[in-house]
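*Asks:* To start, I am sharing the structure in question, which I have written as structure tokens.
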Amino acid sequence: MIVADRKSLEEILDMLKTHNKILLVGCKGCVTVCNVGGAKEVGILAASLKIARKKDGNPIEIDEKTLERQCDPEYVEQIRDIHDQYDAVLSMACGVGPQFLSEAYPGQTFYPAVNTKFFGGAVQHGIWEERCAGCGTCIIHHYDGLCPIARCSKSLQHGPCGGSADGKCEISKDVECIWDTIVKKKMEQGRLADLRHIRAAKDWQTARDGGPRKSIREELVQ
Amino acid sequence: MSDNGYKSGSNLEKVLKAGHFAFTGECGPPKGANVEHLKEKFEHLRGKVDAVNVTDNQTAVVRMSSAAASAIMVANGIEPNFQMVCRDRNRLAMMGDILGVYSLGIRNMLCLSGDHQKFGNHPQSKNVYDIDSMQLIAMVKKMRDEGKFLNDEDIDEPPRMFIGAAANPFADPYEYRIYRLANKIDAGADFIQTQCIYNMPRFRDFMKQAVDMGLTERAYILAGVTPMKSARMAQYMAKMVPGMDVPEELIKRLQGAEKGKQSEEGIKFAIEQIEEFKEMEGVAGVHLMAIEWEHKVPEIAERAGVLPRPTIQ
């Protein structure tokens with residue numbers, strides 16, 4: 001899923017300082033699963049903002065709405081009738097949500113309430129980690145299902161670099177050296193030969209480097 | 001390969017090919033455009049080493065480019081070993097710079113991944129890593145031996161570089177390090193310069209593996225030496241520099257030196273190391289990284305008995 005973190009209350013208050021009536025829109029997709037932008041978090045943020053603004057002597061009116069998904073025009077339509085009743089709309093979806101909203105309602109102003117971070121999953125309750133860089137050409141089968149593009153700090157296709165120590169990356173003792181894991185697994189399982197050849201330079205055209213991307217499924221296009 | 005039997009014809013290549021024990025130095029470009037400062041640093045190395053490594057924004061701290069500093073060295077009659085890291089450039093910039101530095105007379109280059117920018121003075125920067133050090137080695141070899149760019153287009157006058165790579169026998173997992181070295185040699189490295197060595201037993205073991213695998217027949221391995229200036233420097237390197245193995249007994253030895261004599265003790269240890277490397281099977285030379293201590297290189301070279309440096313026509 002897409003993993004995000006909520007922006008600080010201070011930053012959100014600063015964004016909204018000129019507005020007195022806003023719509024706060026959550027999303028039931030990824031941001032609900034990673035506990036950052038679902039109905040529950042919408043309620044908490046709305047309450048926090050109202051309390052802060054009231055304390056500041058400048059109360060704000062906030063209506064709450066959580067869409068099935070903000071990345072789907074069908075659900076974005078759910079605010080068609082109400083979107084223009086507000087000074088602005090604050091979205092708690094990933095970076096895709098406020099953009100779909102902006103495109104559907106060009107006359108309204110939209111703000112992001114979260115910082116969208118990565119494609120990943122929960123490794124334990126409350127901790128999410130990156131697993132995929134969305135490079136557009138999956139090669140994890142070469143590395144026993146572990147992605148060095150997303151998980152090596154230098155995206156090395158031939159690691160580990162000289163900074164790997166005790167299974168940790170040179171950038172931080174809190175970061176796993178994924179190459180340490182890949183190499184140990186291969187050696188323990190007698191498959192060292194997998195690592196004994198030089199891979200061609202990666203073609204990044206399928207990644208963001210090829211420009212903004214699009215996926216077209218002909219059979220679905222009407 | 002060029003007509004004269006050399007891959008690049010660099011002094012370093014000639015010295016190694018002739019079977020001499022090579023001795024290379026290092027010089028970090030200034031944090032500014034101060035050419036006089038750069039010259040002052042590398043003048044200490046003149047005639048004392050076979051080539052001088054010119055670092056490329058080392059530790060991810062921005063400095064005068066290794067290309068420009070290397071070219072200044074060439075213009076002043078000192079042979080550089082141009083370092084290039086994968087952190088700051090994509091393949092276009094890399095190939096362009098390789099052609100550029102070759103056209104300016106540079107004949108050795110060291111292909112590195114580079115320290116992550118998080119360590120440096122611009123941690124906010126975007127990193128590149130379009131290709132990694134293994135692919136950089138292969139790319140320089142392809143440019144030189146096949147006369148082709150990475151995309152297989154022909155190069156008009158290929159750059160004939162003597163290709164170097166780094167090896168760190170002290171990073172983890174240790175059991176894999178020798179295979180990573182083998183991969184670099186397979187990719188096309190002509191010579192290897194190792195990370196600074198302090199743990200001699202581990203390095204002896206590493207070299208034994210290299211010899212047993214026949215790697216020392218296929219590439220020249222230069223052992224990395226950085227003299228310790230003080231016990232504090234040793235402690236700092238042990239703790240703060242990733243992939244650095246500084247045994248406690250070396251720290252104790254430096255601490256045990258008389259007051260004001262810790263740097264002399266550090267130099268003594270370095271000289272003992274060089275003496276051992278001269279005899280160690282498979283070691284083709286020493287790479288002396290006297291960090292911000294270039295003026296000590298003549299003394300160390302003299303005392304280590306590596307002077308005069310051979311001159312080969």
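To be explicit about the labels: the chains of the structure tokens are called A, B, and onward in the order shown, and within each one the residues are counted from 1, while ligands get numbers from 1 in the order they are shown.
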Show me a table, sorted first by chain and then by increasing residue number, of the residues of chain B having an atom at most 10 Å from chain A, each with its shortest atom pair and the distance in Å to one decimal, counting only C-alpha atoms and written as CSV.

*Replies:*
residue,atom,partner,partner_atom,distance
B:Cys86,CA,A:Lys154,CA,9.0
B:Arg87,CA,A:Lys154,CA,7.8
B:Arg91,CA,A:Ala201,CA,9.2
B:Leu112,CA,A:Cys161,CA,9.4
B:Ser113,CA,A:Cys161,CA,7.4
B:Gly114,CA,A:Lys154,CA,9.0
B:Asp115,CA,A:Gly163,CA,7.9
B:His116,CA,A:Ile171,CA,6.8
B:Gln117,CA,A:Ile171,CA,8.8
B:Lys118,CA,A:Ile171,CA,6.4
B:Phe119,CA,A:Ile171,CA,7.2
B:Asn127,CA,A:Lys154,CA,7.9
B:Val128,CA,A:Lys154,CA,8.2
B:Tyr129,CA,A:Lys154,CA,6.1
B:Asp130,CA,A:Lys202,CA,7.6
B:Ile131,CA,A:Ala201,CA,5.8
B:Asp132,CA,A:Leu156,CA,5.6
B:Ser133,CA,A:His158,CA,8.1
B:Met134,CA,A:His158,CA,6.6
B:Gln135,CA,A:Ala201,CA,6.2
B:Leu136,CA,A:Ala201,CA,8.8
B:Ala138,CA,A:Ile198,CA,8.3
B:Met139,CA,A:Ala201,CA,9.0
B:Leu150,CA,A:Ala201,CA,8.5
B:Ala166,CA,A:Gly162,CA,8.7
B:Ala167,CA,A:Gly162,CA,7.3
B:Asn168,CA,A:Gly162,CA,5.5
B:Pro169,CA,A:Gly162,CA,8.3
B:Phe170,CA,A:Gly162,CA,7.9
B:Ala171,CA,A:Gly162,CA,5.4
B:Asp172,CA,A:Ala165,CA,5.1
B:Pro173,CA,A:Asp180,CA,6.3
B:Tyr174,CA,A:Ala165,CA,9.5
B:Glu175,CA,A:Met187,CA,8.8
B:Tyr176,CA,A:Val183,CA,7.2
B:Arg177,CA,A:Pro160,CA,8.7
B:Tyr179,CA,A:Arg196,CA,7.2
B:Arg180,CA,A:Gly159,CA,7.8
B:Ala182,CA,A:Arg196,CA,8.1
B:Asn183,CA,A:Arg196,CA,6.3
B:Lys184,CA,A:Ile198,CA,8.7
B:Asp186,CA,A:Ile198,CA,8.0
B:Ala187,CA,A:Ile198,CA,6.7
B:Gln195,CA,A:Gly162,CA,8.3
B:Met240,CA,A:Glu170,CA,9.9
B:Val241,CA,A:Gly163,CA,8.3
B:Pro242,CA,A:Gly163,CA,4.9
B:Gly243,CA,A:Gly163,CA,4.8
B:Met244,CA,A:Gly163,CA,8.3
B:Asp245,CA,A:Ala165,CA,9.9

*Asks:* Excluding Val33 (chain A) and residues on its chain fewer than 4 positions from it, collect all residues at most 10 Å away from it, counting only C-alpha atoms, and give them as a short mmCIF file (atom, residue, chain, number, x, y, z; two decimals) with N, CA and C atoms, in the first residue's frame.

*Replies:*
data_model
loop_
_atom_site.label_atom_id
_atom_site.label_comp_id
_atom_site.auth_asym_id
_atom_site.auth_seq_id
_atom_site.Cartn_x
_atom_site.Cartn_y
_atom_site.Cartn_z
N MET A 1 0.84 -1.20 0.00
CA MET A 1 0.00 0.00 0.00
C MET A 1 0.87 1.25 0.00
N ILE A 2 0.18 2.38 -0.20
CA ILE A 2 0.89 3.66 -0.10
C ILE A 2 0.88 4.07 1.37
N VAL A 3 2.07 4.42 1.87
CA VAL A 3 2.18 4.78 3.28
C VAL A 3 2.45 6.28 3.39
N CYS A 27 -10.01 9.20 3.23
CA CYS A 27 -10.03 8.20 2.15
C CYS A 27 -10.02 6.82 2.80
N LYS A 28 -10.86 5.93 2.26
CA LYS A 28 -10.93 4.59 2.87
C LYS A 28 -9.92 3.61 2.28
N GLY A 29 -9.03 4.12 1.43
CA GLY A 29 -8.01 3.25 0.81
C GLY A 29 -6.80 3.09 1.72
N GLY A 37 -5.31 8.53 7.42
CA GLY A 37 -6.27 9.42 6.76
C GLY A 37 -7.66 8.84 6.58
N GLY A 38 -8.02 7.89 7.46
CA GLY A 38 -9.36 7.32 7.40
C GLY A 38 -10.35 8.13 8.23
N GLY A 121 4.59 -1.74 3.77
CA GLY A 121 3.63 -2.45 4.59
C GLY A 121 4.02 -2.34 6.05
N ALA A 122 3.13 -2.84 6.91
CA ALA A 122 3.38 -2.79 8.35
C ALA A 122 4.23 -3.98 8.75
#

*Asks:* Have a look at CA of Leu16 (chain A) and CA of Thr116 (chain A) and let me know their distance in Å, one decimal.

*Replies:*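 The value is 19.4 Å.
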
*Asks:* In region 107-188 of chain A, what's helix (DSSP H, G or I) per DSSP? Answer as a list in words?

*Replies:* Ile140, His141, His142, Tyr143, Pro148, Ile149, Ala150, Arg151, Ile178, Trp179, Asp180, Thr181, Ile182, Val183, Lys184, Lys185, Lys186, Met187 and Glu188 of chain A

*Asks:* Taking the backbone alone, and naming residues the way the document does, which bits of region 40-173 of chain B are strand (DSSP E or B) by DSSP, as a PDB file with C-alpha atoms, in the first residue's frame?

*Replies:*
ATOM      1  CA  ALA B  51      50.211   8.187  -8.978  1.00  0.00           C
ATOM      2  CA  VAL B  52      48.067  10.363  -6.759  1.00  0.00           C
ATOM      3  CA  ASN B  53      44.417   9.529  -6.109  1.00  0.00           C
ATOM      4  CA  VAL B  54      42.220  12.594  -6.482  1.00  0.00           C
ATOM      5  CA  PRO B  80      46.625  11.529 -11.015  1.00  0.00           C
ATOM      6  CA  ASN B  81      44.369   8.595 -10.312  1.00  0.00           C
ATOM      7  CA  PHE B  82      41.022  10.232 -11.021  1.00  0.00           C
ATOM      8  CA  GLN B  83      38.289   9.016  -8.682  1.00  0.00           C
ATOM      9  CA  MET B  84      34.679   8.876  -9.818  1.00  0.00           C
ATOM     10  CA  VAL B  85      31.687   8.025  -7.637  1.00  0.00           C
ATOM     11  CA  ASN B 108      44.043   6.172 -14.366  1.00  0.00           C
ATOM     12  CA  MET B 109      40.624   6.136 -12.808  1.00  0.00           C
ATOM     13  CA  LEU B 110      39.162   4.600  -9.697  1.00  0.00           C
ATOM     14  CA  CYS B 111      35.504   3.539  -9.919  1.00  0.00           C
ATOM     15  CA  LEU B 112      33.568   3.865  -6.667  1.00  0.00           C
ATOM     16  CA  LYS B 148      31.643   1.857 -27.514  1.00  0.00           C
ATOM     17  CA  ASP B 154      30.890   3.926 -31.460  1.00  0.00           C
ATOM     18  CA  PHE B 162      43.851   2.026 -16.434  1.00  0.00           C
ATOM     19  CA  ILE B 163      40.824   0.899 -14.467  1.00  0.00           C
ATOM     20  CA  GLY B 164      40.850   0.790 -10.706  1.00  0.00           C
ATOM     21  CA  ALA B 165      38.335  -0.343  -8.127  1.00  0.00           C
ATOM     22  CA  ALA B 166      38.124  -0.422  -4.368  1.00  0.00           C
ATOM     23  CA  ALA B 167      37.824  -3.397  -2.036  1.00  0.00           C
TER      24      ALA B 167
END

*Asks:* Show which residues sit within 12 Å of Pro310 (chain B), as number ranges by chain. Count only C-alpha atoms, and ignore same-chain residues fewer than 2 positions away.

*Replies:* B: 11-12, 14-23, 47-51, 306-308, 312-313

*Asks:* Could you dump the residues just selected with N, CA and C atoms as an mmCIF file, in the first residue's frame?

*Replies:*
data_model
loop_
_atom_site.group_PDB
_atom_site.id
_atom_site.type_symbol
_atom_site.label_atom_id
_atom_site.label_comp_id
_atom_site.auth_asym_id
_atom_site.auth_seq_id
_atom_site.Cartn_x
_atom_site.Cartn_y
_atom_site.Cartn_z
ATOM 1 N N ASN B 11 51.762 5.833 -15.979
ATOM 2 C CA ASN B 11 52.952 5.484 -15.197
ATOM 3 C C ASN B 11 52.641 4.347 -14.230
ATOM 4 N N LEU B 12 51.475 4.440 -13.578
ATOM 5 C CA LEU B 12 51.098 3.398 -12.616
ATOM 6 C C LEU B 12 51.038 2.035 -13.286
ATOM 7 N N LYS B 14 52.613 1.101 -15.980
ATOM 8 C CA LYS B 14 53.971 0.679 -16.366
ATOM 9 C C LYS B 14 54.750 0.126 -15.171
ATOM 10 N N VAL B 15 54.624 0.820 -14.051
ATOM 11 C CA VAL B 15 55.334 0.396 -12.835
ATOM 12 C C VAL B 15 54.862 -0.996 -12.414
ATOM 13 N N LEU B 16 53.547 -1.174 -12.417
ATOM 14 C CA LEU B 16 52.995 -2.474 -11.997
ATOM 15 C C LEU B 16 53.368 -3.571 -12.986
ATOM 16 N N LYS B 17 53.250 -3.257 -14.269
ATOM 17 C CA LYS B 17 53.525 -4.272 -15.286
ATOM 18 C C LYS B 17 54.990 -4.707 -15.261
ATOM 19 N N ALA B 18 55.856 -3.751 -14.906
ATOM 20 C CA ALA B 18 57.290 -4.074 -14.834
ATOM 21 C C ALA B 18 57.621 -4.891 -13.581
ATOM 22 N N GLY B 19 56.613 -5.071 -12.726
ATOM 23 C CA GLY B 19 56.826 -5.911 -11.548
ATOM 24 C C GLY B 19 57.357 -5.173 -10.327
ATOM 25 N N HIS B 20 57.361 -3.848 -10.401
ATOM 26 C CA HIS B 20 57.791 -3.080 -9.224
ATOM 27 C C HIS B 20 56.681 -3.058 -8.182
ATOM 28 N N PHE B 21 57.079 -2.843 -6.928
ATOM 29 C CA PHE B 21 56.123 -2.679 -5.849
ATOM 30 C C PHE B 21 55.611 -1.232 -5.926
ATOM 31 N N ALA B 22 54.343 -1.089 -6.290
ATOM 32 C CA ALA B 22 53.805 0.262 -6.540
ATOM 33 C C ALA B 22 53.552 0.998 -5.236
ATOM 34 N N PHE B 23 53.575 2.317 -5.345
ATOM 35 C CA PHE B 23 53.330 3.152 -4.171
ATOM 36 C C PHE B 23 52.516 4.358 -4.652
ATOM 37 N N GLY B 47 57.400 12.788 -7.085
ATOM 38 C CA GLY B 47 58.542 11.885 -7.063
ATOM 39 C C GLY B 47 58.524 10.850 -5.951
ATOM 40 N N LYS B 48 57.524 10.940 -5.081
ATOM 41 C CA LYS B 48 57.474 10.014 -3.942
ATOM 42 C C LYS B 48 56.475 8.879 -4.175
ATOM 43 N N VAL B 49 55.575 9.067 -5.137
ATOM 44 C CA VAL B 49 54.534 8.066 -5.427
ATOM 45 C C VAL B 49 54.418 7.889 -6.942
ATOM 46 N N ASP B 50 53.771 6.798 -7.354
ATOM 47 C CA ASP B 50 53.627 6.517 -8.783
ATOM 48 C C ASP B 50 52.400 7.208 -9.378
ATOM 49 N N ALA B 51 51.411 7.465 -8.543
ATOM 50 C CA ALA B 51 50.211 8.187 -8.978
ATOM 51 C C ALA B 51 49.528 8.700 -7.716
ATOM 52 N N VAL B 306 60.700 2.762 0.037
ATOM 53 C CA VAL B 306 60.102 2.627 -1.303
ATOM 54 C C VAL B 306 60.660 3.680 -2.268
ATOM 55 N N LEU B 307 61.688 4.406 -1.840
ATOM 56 C CA LEU B 307 62.296 5.428 -2.709
ATOM 57 C C LEU B 307 63.662 4.941 -3.173
ATOM 58 N N PRO B 308 64.133 5.387 -4.344
ATOM 59 C CA PRO B 308 63.408 6.234 -5.295
ATOM 60 C C PRO B 308 62.346 5.448 -6.054
ATOM 61 N N ILE B 312 59.950 4.493 -15.764
ATOM 62 C CA ILE B 312 59.874 3.549 -16.891
ATOM 63 C C ILE B 312 59.512 4.301 -18.157
ATOM 64 N N GLN B 313 60.276 4.105 -19.175
ATOM 65 C CA GLN B 313 60.030 4.829 -20.444
ATOM 66 C C GLN B 313 58.955 4.132 -21.248
#

*Asks:* Near Ala207 (chain A), counting only C-alpha atoms, which residues have an atom at most 8 Å away, once you skip same-chain residues fewer than 2 positions from it, shown as a compact mmCIF listing (two decimals) with C-alpha atoms, in the first residue's frame?

*Replies:*
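Saved the output as part35.txt:
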# COMPACT_ATOMS: atom_id res chain seq x y z
CA GLY A 134 7.87 1.60 -8.29
CA CYS A 135 10.68 1.41 -10.85
CA GLY A 136 8.35 -0.21 -13.38
CA THR A 137 10.52 -3.27 -14.09
CA TRP A 204 15.17 3.47 -15.84
CA GLN A 205 12.75 4.45 -18.61
CA ASP A 209 12.99 8.90 -15.07
CA GLY A 210 11.04 8.12 -18.25
CA GLY A 211 8.62 10.94 -17.44
CA ARG A 213 3.78 7.32 -16.30
